[in-house]
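Dropping entry-v7.cif in here (mmCIF, C-alpha atoms):
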data_protein
#
loop_
_atom_site.group_PDB
_atom_site.id
_atom_site.type_symbol
_atom_site.label_atom_id
_atom_site.label_comp_id
_atom_site.auth_asym_id
_atom_site.auth_seq_id
_atom_site.Cartn_x
_atom_site.Cartn_y
_atom_site.Cartn_z
ATOM 1 C CA MET Y 3 -62.779 7.176 -37.089
ATOM 2 C CA ALA Y 4 -61.205 3.745 -36.813
ATOM 3 C CA ARG Y 5 -57.775 5.281 -36.298
ATOM 4 C CA ARG Y 6 -59.099 7.523 -33.525
ATOM 5 C CA THR Y 7 -60.771 4.537 -31.843
ATOM 6 C CA LEU Y 8 -57.532 2.557 -31.946
ATOM 7 C CA THR Y 9 -55.673 5.530 -30.518
ATOM 8 C CA TYR Y 10 -58.090 5.800 -27.595
ATOM 9 C CA LEU Y 11 -57.931 2.043 -26.999
ATOM 10 C CA ALA Y 12 -54.139 2.137 -26.981
ATOM 11 C CA ALA Y 13 -54.214 5.067 -24.546
ATOM 12 C CA LEU Y 14 -56.631 3.212 -22.257
ATOM 13 C CA VAL Y 15 -54.404 0.133 -22.296
ATOM 14 C CA VAL Y 16 -51.352 2.217 -21.381
ATOM 15 C CA VAL Y 17 -53.257 3.987 -18.603
ATOM 16 C CA GLY Y 18 -54.574 0.673 -17.299
ATOM 17 C CA VAL Y 19 -51.166 -0.984 -17.298
ATOM 18 C CA THR Y 20 -49.741 2.041 -15.491
ATOM 19 C CA LEU Y 21 -52.456 2.792 -12.968
ATOM 20 C CA VAL Y 22 -53.758 -0.651 -11.996
ATOM 21 C CA PRO Y 23 -50.537 -1.817 -10.257
ATOM 22 C CA LEU Y 24 -50.240 1.611 -8.625
ATOM 23 C CA LEU Y 25 -53.798 1.510 -7.290
ATOM 24 C CA PHE Y 26 -53.340 -2.099 -6.168
ATOM 25 C CA THR Y 27 -50.275 -1.091 -4.158
ATOM 26 C CA ILE Y 28 -51.857 1.993 -2.569
ATOM 27 C CA LEU Y 29 -55.166 0.308 -1.746
ATOM 28 C CA GLY Y 30 -53.380 -2.843 -0.550
ATOM 29 C CA GLY Y 31 -51.762 -0.758 2.176
ATOM 30 C CA PHE Y 32 -55.245 -0.022 3.573
ATOM 31 C CA ARG Y 33 -56.094 -3.726 3.876
ATOM 32 C CA THR Y 34 -55.170 -6.540 6.238
ATOM 33 C CA ASN Y 35 -53.258 -9.645 5.251
ATOM 34 C CA ALA Y 36 -56.444 -11.687 5.667
ATOM 35 C CA GLN Y 37 -58.297 -9.438 3.215
ATOM 36 C CA ILE Y 38 -55.470 -9.710 0.681
ATOM 37 C CA ASN Y 39 -55.344 -13.497 0.993
ATOM 38 C CA ASN Y 40 -59.105 -13.839 0.602
ATOM 39 C CA ALA Y 41 -59.437 -11.408 -2.321
ATOM 40 C CA PRO Y 42 -56.115 -10.111 -3.721
ATOM 41 C CA GLY Y 43 -57.837 -7.649 -6.055
ATOM 42 C CA GLY Y 44 -60.608 -6.609 -3.694
ATOM 43 C CA TRP Y 45 -61.528 -3.288 -2.131
ATOM 44 C CA PRO Y 46 -60.515 -2.463 1.465
ATOM 45 C CA SER Y 47 -63.378 -3.465 3.748
ATOM 46 C CA PRO Y 48 -62.942 -2.130 6.316
ATOM 47 C CA TRP Y 49 -60.237 0.433 5.602
ATOM 48 C CA VAL Y 50 -57.176 -0.063 7.797
ATOM 49 C CA ALA Y 51 -54.847 2.896 8.299
ATOM 50 C CA GLY Y 52 -52.529 1.109 10.721
ATOM 51 C CA ASN Y 53 -50.110 -0.037 8.030
ATOM 52 C CA TYR Y 54 -49.445 3.498 6.795
ATOM 53 C CA THR Y 55 -49.315 4.811 10.363
ATOM 54 C CA ALA Y 56 -46.642 2.256 11.263
ATOM 55 C CA VAL Y 57 -44.596 3.109 8.176
ATOM 56 C CA LEU Y 58 -44.864 6.892 8.529
ATOM 57 C CA SER Y 59 -43.957 6.751 12.214
ATOM 58 C CA SER Y 60 -40.808 4.746 11.492
ATOM 59 C CA SER Y 61 -37.506 6.603 11.724
ATOM 60 C CA VAL Y 62 -36.024 4.128 9.241
ATOM 61 C CA PHE Y 63 -38.468 5.269 6.542
ATOM 62 C CA TRP Y 64 -37.764 8.968 7.080
ATOM 63 C CA ARG Y 65 -34.018 8.407 7.181
ATOM 64 C CA ALA Y 66 -34.190 6.604 3.830
ATOM 65 C CA MET Y 67 -36.327 9.416 2.426
ATOM 66 C CA GLY Y 68 -33.808 11.987 3.637
ATOM 67 C CA ASN Y 69 -30.967 10.049 2.006
ATOM 68 C CA SER Y 70 -32.894 9.843 -1.266
ATOM 69 C CA ALA Y 71 -33.726 13.561 -1.186
ATOM 70 C CA LEU Y 72 -30.124 14.575 -0.480
ATOM 71 C CA ILE Y 73 -28.702 12.396 -3.252
ATOM 72 C CA ALA Y 74 -31.383 13.436 -5.755
ATOM 73 C CA VAL Y 75 -30.873 17.160 -5.086
ATOM 74 C CA VAL Y 76 -27.071 16.926 -5.397
ATOM 75 C CA ALA Y 77 -27.240 14.757 -8.540
ATOM 76 C CA SER Y 78 -29.808 17.053 -10.170
ATOM 77 C CA ALA Y 79 -27.853 20.220 -9.365
ATOM 78 C CA LEU Y 80 -24.629 18.765 -10.750
ATOM 79 C CA ALA Y 81 -26.299 17.425 -13.903
ATOM 80 C CA VAL Y 82 -28.024 20.737 -14.635
ATOM 81 C CA ALA Y 83 -24.965 22.904 -13.883
ATOM 82 C CA VAL Y 84 -22.460 20.849 -15.876
ATOM 83 C CA GLY Y 85 -24.978 20.050 -18.616
ATOM 84 C CA ALA Y 86 -25.896 23.714 -19.072
ATOM 85 C CA MET Y 87 -22.259 24.727 -19.470
ATOM 86 C CA ALA Y 88 -21.573 21.878 -21.913
ATOM 87 C CA ALA Y 89 -24.728 22.653 -23.918
ATOM 88 C CA PHE Y 90 -23.721 26.329 -24.060
ATOM 89 C CA ALA Y 91 -20.345 25.464 -25.547
ATOM 90 C CA LEU Y 92 -21.822 22.945 -27.981
ATOM 91 C CA SER Y 93 -24.570 25.308 -29.151
ATOM 92 C CA ARG Y 94 -22.891 28.735 -29.269
ATOM 93 C CA TYR Y 95 -19.244 27.962 -30.044
ATOM 94 C CA THR Y 96 -17.817 26.661 -33.322
ATOM 95 C CA PHE Y 97 -14.762 24.435 -32.945
ATOM 96 C CA LYS Y 98 -13.279 21.344 -34.518
ATOM 97 C CA GLY Y 99 -14.864 18.134 -33.319
ATOM 98 C CA ARG Y 100 -17.965 19.811 -31.911
ATOM 99 C CA GLU Y 101 -20.455 17.526 -33.647
ATOM 100 C CA GLY Y 102 -18.382 14.463 -32.806
ATOM 101 C CA LEU Y 103 -18.419 15.440 -29.141
ATOM 102 C CA TYR Y 104 -22.168 15.970 -29.253
ATOM 103 C CA THR Y 105 -22.592 12.578 -30.910
ATOM 104 C CA LEU Y 106 -20.564 11.050 -28.105
ATOM 105 C CA PHE Y 107 -23.014 12.466 -25.578
ATOM 106 C CA THR Y 108 -25.986 11.151 -27.541
ATOM 107 C CA ILE Y 109 -24.399 7.690 -27.628
ATOM 108 C CA GLY Y 110 -24.267 7.953 -23.848
ATOM 109 C CA LEU Y 111 -28.053 7.583 -23.868
ATOM 110 C CA LEU Y 112 -27.514 3.957 -24.930
ATOM 111 C CA PHE Y 113 -24.886 3.236 -22.281
ATOM 112 C CA PRO Y 114 -26.406 1.148 -19.444
ATOM 113 C CA VAL Y 115 -25.355 1.500 -15.832
ATOM 114 C CA THR Y 116 -24.780 -2.238 -15.584
ATOM 115 C CA ALA Y 117 -21.960 -2.073 -18.138
ATOM 116 C CA ALA Y 118 -20.018 0.282 -15.863
ATOM 117 C CA ALA Y 119 -20.832 -1.417 -12.567
ATOM 118 C CA LEU Y 120 -17.471 -3.082 -11.898
ATOM 119 C CA PRO Y 121 -15.113 -0.261 -13.005
ATOM 120 C CA LEU Y 122 -17.356 2.279 -11.272
ATOM 121 C CA TYR Y 123 -17.243 0.322 -8.021
ATOM 122 C CA LEU Y 124 -13.447 0.028 -8.182
ATOM 123 C CA LEU Y 125 -13.093 3.752 -8.909
ATOM 124 C CA LEU Y 126 -15.371 4.782 -6.056
ATOM 125 C CA ARG Y 127 -13.554 2.456 -3.676
ATOM 126 C CA GLN Y 128 -10.231 3.984 -4.668
ATOM 127 C CA LEU Y 129 -11.640 7.487 -4.133
ATOM 128 C CA GLY Y 130 -13.070 6.506 -0.749
ATOM 129 C CA LEU Y 131 -16.644 7.324 -1.781
ATOM 130 C CA LEU Y 132 -18.265 4.015 -0.850
ATOM 131 C CA GLU Y 133 -20.944 4.438 1.837
ATOM 132 C CA HIS Y 134 -21.083 8.128 0.949
ATOM 133 C CA ALA Y 135 -23.879 10.161 -0.645
ATOM 134 C CA LEU Y 136 -21.467 11.633 -3.190
ATOM 135 C CA GLY Y 137 -20.541 8.114 -4.283
ATOM 136 C CA VAL Y 138 -24.107 7.771 -5.551
ATOM 137 C CA ALA Y 139 -24.806 11.366 -6.589
ATOM 138 C CA LEU Y 140 -21.736 11.840 -8.800
ATOM 139 C CA PRO Y 141 -22.343 8.772 -11.029
ATOM 140 C CA GLU Y 142 -26.066 9.568 -11.216
ATOM 141 C CA ALA Y 143 -25.241 13.093 -12.367
ATOM 142 C CA ALA Y 144 -22.850 11.692 -14.964
ATOM 143 C CA PHE Y 145 -25.474 9.307 -16.334
ATOM 144 C CA SER Y 146 -27.991 12.186 -16.491
ATOM 145 C CA LEU Y 147 -25.655 14.364 -18.563
ATOM 146 C CA PRO Y 148 -26.486 12.863 -22.002
ATOM 147 C CA ILE Y 149 -30.231 13.543 -21.819
ATOM 148 C CA THR Y 150 -29.535 16.937 -20.223
ATOM 149 C CA ILE Y 151 -27.278 18.036 -23.078
ATOM 150 C CA VAL Y 152 -29.546 16.547 -25.756
ATOM 151 C CA ILE Y 153 -32.448 18.651 -24.449
ATOM 152 C CA LEU Y 154 -30.536 21.854 -23.660
ATOM 153 C CA ARG Y 155 -28.360 22.146 -26.773
ATOM 154 C CA PRO Y 156 -31.122 22.686 -29.381
ATOM 155 C CA PHE Y 157 -32.983 24.943 -26.952
ATOM 156 C CA MET Y 158 -29.948 27.185 -26.490
ATOM 157 C CA HIS Y 159 -29.079 27.001 -30.180
ATOM 158 C CA ALA Y 160 -32.524 28.388 -31.083
ATOM 159 C CA ILE Y 161 -31.958 31.593 -29.101
ATOM 160 C CA PRO Y 162 -31.209 34.332 -31.703
ATOM 161 C CA GLY Y 163 -27.615 35.395 -32.145
ATOM 162 C CA GLU Y 164 -28.776 39.014 -32.243
ATOM 163 C CA LEU Y 165 -29.294 38.850 -28.491
ATOM 164 C CA GLU Y 166 -25.669 37.825 -28.016
ATOM 165 C CA ASP Y 167 -24.516 40.651 -30.307
ATOM 166 C CA ALA Y 168 -26.619 43.155 -28.378
ATOM 167 C CA ALA Y 169 -25.223 41.887 -25.093
ATOM 168 C CA ALA Y 170 -21.683 42.228 -26.450
ATOM 169 C CA MET Y 171 -22.401 45.817 -27.488
ATOM 170 C CA ASP Y 172 -23.552 46.511 -23.932
ATOM 171 C CA GLY Y 173 -20.246 45.207 -22.602
ATOM 172 C CA ALA Y 174 -21.299 41.698 -21.589
ATOM 173 C CA GLY Y 175 -18.821 38.939 -22.341
ATOM 174 C CA ARG Y 176 -19.698 35.376 -23.233
ATOM 175 C CA LEU Y 177 -20.061 34.377 -19.597
ATOM 176 C CA GLY Y 178 -22.202 37.429 -18.932
ATOM 177 C CA PHE Y 179 -24.457 36.510 -21.836
ATOM 178 C CA PHE Y 180 -24.628 32.913 -20.570
ATOM 179 C CA TRP Y 181 -25.486 33.875 -16.998
ATOM 180 C CA ARG Y 182 -27.725 36.905 -17.507
ATOM 181 C CA ILE Y 183 -29.533 36.127 -20.762
ATOM 182 C CA LEU Y 184 -29.157 32.541 -21.940
ATOM 183 C CA LEU Y 185 -29.943 30.794 -18.652
ATOM 184 C CA PRO Y 186 -33.094 32.843 -17.918
ATOM 185 C CA LEU Y 187 -34.380 32.260 -21.451
ATOM 186 C CA SER Y 188 -33.615 28.542 -21.128
ATOM 187 C CA ARG Y 189 -35.554 28.176 -17.887
ATOM 188 C CA PRO Y 190 -38.243 25.821 -19.340
ATOM 189 C CA ALA Y 191 -35.588 23.406 -20.610
ATOM 190 C CA LEU Y 192 -33.558 23.720 -17.406
ATOM 191 C CA THR Y 193 -36.643 22.906 -15.365
ATOM 192 C CA THR Y 194 -37.313 19.893 -17.559
ATOM 193 C CA VAL Y 195 -33.850 18.389 -17.221
ATOM 194 C CA ALA Y 196 -33.795 19.122 -13.475
ATOM 195 C CA ILE Y 197 -37.077 17.248 -12.999
ATOM 196 C CA LEU Y 198 -35.945 14.305 -15.121
ATOM 197 C CA ALA Y 199 -32.633 14.080 -13.254
ATOM 198 C CA PHE Y 200 -34.377 14.299 -9.874
ATOM 199 C CA VAL Y 201 -36.963 11.604 -10.617
ATOM 200 C CA THR Y 202 -34.327 9.332 -12.186
ATOM 201 C CA SER Y 203 -32.097 9.695 -9.132
ATOM 202 C CA TRP Y 204 -35.002 9.191 -6.726
ATOM 203 C CA ASN Y 205 -35.975 5.911 -8.399
ATOM 204 C CA ALA Y 206 -32.426 4.620 -8.908
ATOM 205 C CA TYR Y 207 -31.745 1.202 -7.433
ATOM 206 C CA LEU Y 208 -28.592 -0.264 -8.967
ATOM 207 C CA LEU Y 209 -26.176 2.580 -8.176
ATOM 208 C CA PRO Y 210 -27.191 2.870 -4.502
ATOM 209 C CA LEU Y 211 -27.037 -0.918 -4.238
ATOM 210 C CA LEU Y 212 -23.519 -0.824 -5.670
ATOM 211 C CA VAL Y 213 -22.253 1.887 -3.319
ATOM 212 C CA LEU Y 214 -24.265 1.538 -0.109
ATOM 213 C CA SER Y 215 -24.320 -1.480 2.191
ATOM 214 C CA ASP Y 216 -25.027 0.142 5.566
ATOM 215 C CA PRO Y 217 -28.820 0.248 6.180
ATOM 216 C CA ALA Y 218 -28.388 3.673 7.779
ATOM 217 C CA ASN Y 219 -27.322 5.041 4.377
ATOM 218 C CA PHE Y 220 -30.022 3.317 2.304
ATOM 219 C CA THR Y 221 -32.142 5.277 -0.144
ATOM 220 C CA LEU Y 222 -35.871 4.569 -0.435
ATOM 221 C CA PRO Y 223 -35.571 1.927 -3.218
ATOM 222 C CA LEU Y 224 -33.044 0.020 -1.114
ATOM 223 C CA GLY Y 225 -35.198 0.570 1.947
ATOM 224 C CA VAL Y 226 -38.189 -0.949 0.141
ATOM 225 C CA ALA Y 227 -36.157 -4.032 -0.795
ATOM 226 C CA ALA Y 228 -34.844 -4.411 2.762
ATOM 227 C CA PHE Y 229 -38.332 -3.922 4.210
ATOM 228 C CA GLN Y 230 -39.774 -6.547 1.876
ATOM 229 C CA SER Y 231 -37.150 -9.033 3.026
ATOM 230 C CA GLN Y 232 -37.722 -8.249 6.698
ATOM 231 C CA PHE Y 233 -41.531 -8.331 6.572
ATOM 232 C CA SER Y 234 -42.016 -10.819 3.749
ATOM 233 C CA GLN Y 235 -45.002 -12.361 5.552
ATOM 234 C CA ASP Y 236 -46.701 -9.016 6.203
ATOM 235 C CA THR Y 237 -47.882 -8.249 2.671
ATOM 236 C CA ALA Y 238 -50.146 -5.354 3.662
ATOM 237 C CA ARG Y 239 -47.374 -3.465 5.449
ATOM 238 C CA VAL Y 240 -44.975 -4.089 2.567
ATOM 239 C CA LEU Y 241 -47.534 -2.593 0.173
ATOM 240 C CA ALA Y 242 -47.964 0.400 2.478
ATOM 241 C CA TYR Y 243 -44.195 0.979 2.642
ATOM 242 C CA THR Y 244 -43.901 0.670 -1.140
ATOM 243 C CA ALA Y 245 -46.788 3.097 -1.749
ATOM 244 C CA ALA Y 246 -45.428 5.625 0.732
ATOM 245 C CA SER Y 247 -42.044 5.541 -1.005
ATOM 246 C CA MET Y 248 -43.635 6.106 -4.430
ATOM 247 C CA ILE Y 249 -45.965 8.964 -3.557
ATOM 248 C CA PRO Y 250 -43.324 11.758 -3.266
ATOM 249 C CA ALA Y 251 -41.849 11.032 -6.698
ATOM 250 C CA ILE Y 252 -45.276 10.638 -8.312
ATOM 251 C CA GLY Y 253 -46.562 13.835 -6.737
ATOM 252 C CA PHE Y 254 -43.473 15.754 -7.781
ATOM 253 C CA PHE Y 255 -43.693 14.431 -11.340
ATOM 254 C CA VAL Y 256 -47.423 15.235 -11.672
ATOM 255 C CA PHE Y 257 -46.894 18.733 -10.275
ATOM 256 C CA ALA Y 258 -44.062 19.426 -12.732
ATOM 257 C CA GLU Y 259 -45.576 17.709 -15.778
ATOM 258 C CA ARG Y 260 -46.423 20.921 -17.647
ATOM 259 C CA HIS Y 261 -42.852 22.165 -17.218
ATOM 260 C CA ILE Y 262 -41.537 18.942 -18.738
ATOM 261 C CA VAL Y 263 -43.845 19.213 -21.748
ATOM 262 C CA GLY Y 264 -42.950 22.874 -22.267
ATOM 263 C CA GLY Y 265 -39.221 22.232 -22.093
ATOM 264 C CA LEU Y 266 -39.332 19.250 -24.432
ATOM 265 C CA THR Y 267 -41.507 21.174 -26.914
ATOM 266 C CA GLY Y 268 -39.034 24.039 -26.991
ATOM 267 C CA SER Y 269 -36.059 21.744 -27.470
ATOM 268 C CA VAL Y 270 -37.762 19.938 -30.356
ATOM 269 C CA LYS Y 271 -38.541 23.248 -32.052
ATOM 270 C CA GLY Y 272 -34.936 24.282 -31.544
#
Structure rendered as structure tokens:
Amino acid sequence: MARRTLTYLAALVVVGVTLVPLLFTILGGFRTNAQINNAPGGWPSPWVAGNYTAVLSSSVFWRAMGNSALIAVVASALAVAVGAMAAFALSRYTFKGREGLYTLFTIGLLFPVTAAALPLYLLLRQLGLLEHALGVALPEAAFSLPITIVILRPFMHAIPGELEDAAAMDGAGRLGFFWRILLPLSRPALTTVAILAFVTSWNAYLLPLLVLSDPANFTLPLGVAAFQSQFSQDTARVLAYTAASMIPAIGFFVFAERHIVGGLTGSVKG
């Protein structure tokens, strides 16, 4: 009983720490600066929709959202495509150095973006990818590869070899088995890694900051920072802009939560 009580208390603390700042930001966008100054943690009274209306009618906001969506889609597609092929080789082929290569990918989970900031910037400048969506999407896809392979490899490894033998008897080669059988059966794990890569790319700040300096190319995290600097005295509008930039990612993550749980469960069993 005591253990269960502590578990519930810990869960409530986590939920509170997560939701309270989120609610403060969303509700703060429905208040005026005077209301926030008088009672920072108060309830909107009256409710003011003008802050959100101003943000959602701004072309700057929608341009930043479009940039974020484009980069996130490209980075997710690349991470899933390359990660699926690498996980297929690491799970279904036997070759010298396979486990060492897999270990190298797992070590990549510990590799921070900040450690590669300078060489990455120099490389992208040499390739002419600064101020370009691919200059952000390619590194983001690369940094998503470790978690993609770590999730996909055990999932693909758990698929019975008898299916591959049956496919070979029907005339399907290894690529045919990969495309027609393995990928459809791995759909829960593929959905999981695609969602994780998308949300990670959507929320990324350092890589876009490193590559993009033109406000016309800013993603939403950079747009939030620029908006906060420009309207530093208008706290209510800053909160509205921040909340509006968070809602798409939160909604997408909540909608896809069951797919994430299903994919992670299957990979752990594998």
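Nearest to Leu122 of chain Y of all the residues Y:Phe107, Y:Phe97, Y:Trp204, Y:Phe145 is Y:Phe145, based on only C-alpha atoms.
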Query raised in the report: How many Å lie between atom CA of Arg33 of chain Y and atom CA of Met67 of chain Y, rounded to one decimal?
Result: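 Separating atom CA of Arg33 of chain Y from atom CA of Met67 of chain Y is a distance of 23.8 Å.
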Requested in this report: Show which residues sit within 10 Å of segment 24-28 of chain Y, as a list in words. Count only C-alpha atoms, and ignore same-chain residues fewer than 3 positions away.
Outcome: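 Listed by chain and then number, they are Gly18, Val19, Thr20, Leu21, Gly31, Phe32, Arg33, Pro42, Gly43, Gly44, Trp45, Tyr54, Ala238, Val240, Leu241, Ala242, Tyr243, Thr244, Ala245, Ala246, Met248 and Ile249 of chain Y.
Selection by the PyMOL selection byres ((chain Y and resi 155-161) around 7) on the present file picks out Ala89, Phe90, Leu92, Ser93, Arg94, Ile151, Val152, Ile153, Leu154, Pro162, Gly163, Ser188, Gly268, Ser269 and Gly272 of chain Y.
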Let's have the selection written as a PDB file, in the frame of the given file, with C-alpha atoms.
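Produced file result-v4.pdb, reproduced below:
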ATOM      1  CA  ALA Y  89     -24.728  22.653 -23.918  1.00  0.00           C
ATOM      2  CA  PHE Y  90     -23.721  26.329 -24.060  1.00  0.00           C
ATOM      3  CA  LEU Y  92     -21.822  22.945 -27.981  1.00  0.00           C
ATOM      4  CA  SER Y  93     -24.570  25.308 -29.151  1.00  0.00           C
ATOM      5  CA  ARG Y  94     -22.891  28.735 -29.269  1.00  0.00           C
ATOM      6  CA  ILE Y 151     -27.278  18.036 -23.078  1.00  0.00           C
ATOM      7  CA  VAL Y 152     -29.546  16.547 -25.756  1.00  0.00           C
ATOM      8  CA  ILE Y 153     -32.448  18.651 -24.449  1.00  0.00           C
ATOM      9  CA  LEU Y 154     -30.536  21.854 -23.660  1.00  0.00           C
ATOM     10  CA  PRO Y 162     -31.209  34.332 -31.703  1.00  0.00           C
ATOM     11  CA  GLY Y 163     -27.615  35.395 -32.145  1.00  0.00           C
ATOM     12  CA  SER Y 188     -33.615  28.542 -21.128  1.00  0.00           C
ATOM     13  CA  GLY Y 268     -39.034  24.039 -26.991  1.00  0.00           C
ATOM     14  CA  SER Y 269     -36.059  21.744 -27.470  1.00  0.00           C
ATOM     15  CA  GLY Y 272     -34.936  24.282 -31.544  1.00  0.00           C
TER      16      GLY Y 272
END
Requested in this report: For atom CA of Leu177 of chain Y and atom CA of Ala88 of chain Y, determine how far apart the two atoms are, in Å to one decimal place.
Outcome: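 Distance reported for this atom pair: 12.8 Å.
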Box time for segment 204-222 of chain Y: axis-aligned, enclosing all its listed atoms, 8 Å extra on each side; report centre and edge lengths in Å to one decimal, as JSON.
{"center_x": -29.1, "center_y": 3.9, "center_z": -0.6, "size_x": 29.7, "size_y": 26.7, "size_z": 32.7}
Query raised in the report: If you measure from atom CA of Thr237 of chain Y to atom CA of Asn219 of chain Y, what distance in Å do you get, rounded to one decimal?
Result: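 If I compute the distance from atom CA of Thr237 of chain Y to atom CA of Asn219 of chain Y, I get 24.5 Å.
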Query raised in the report: Using all atoms listed in the file, which residue out of Y:Leu140, Y:Leu214, Y:Glu133, Y:Arg239 lies closest to Ala51 of chain Y?
Result: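 Counting all atoms listed in the file, the residue closest to Ala51 of chain Y is Y:Arg239.
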Requested in this report: Between Y:Ala196, Y:Val256, Y:Leu106, Y:Leu120, single out the one closest to Val82 of chain Y, counting all atoms listed in the file.
Outcome: Y:Ala196
Query raised in the report: When distances are computed from all atoms listed in the file, which of Y:Leu11, Y:Ala206, Y:Ala144, Y:Leu165 shows the smallest separation from Ala81 of chain Y?
Result: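 Result for the nearest residue to Ala81 of chain Y: Y:Ala144.
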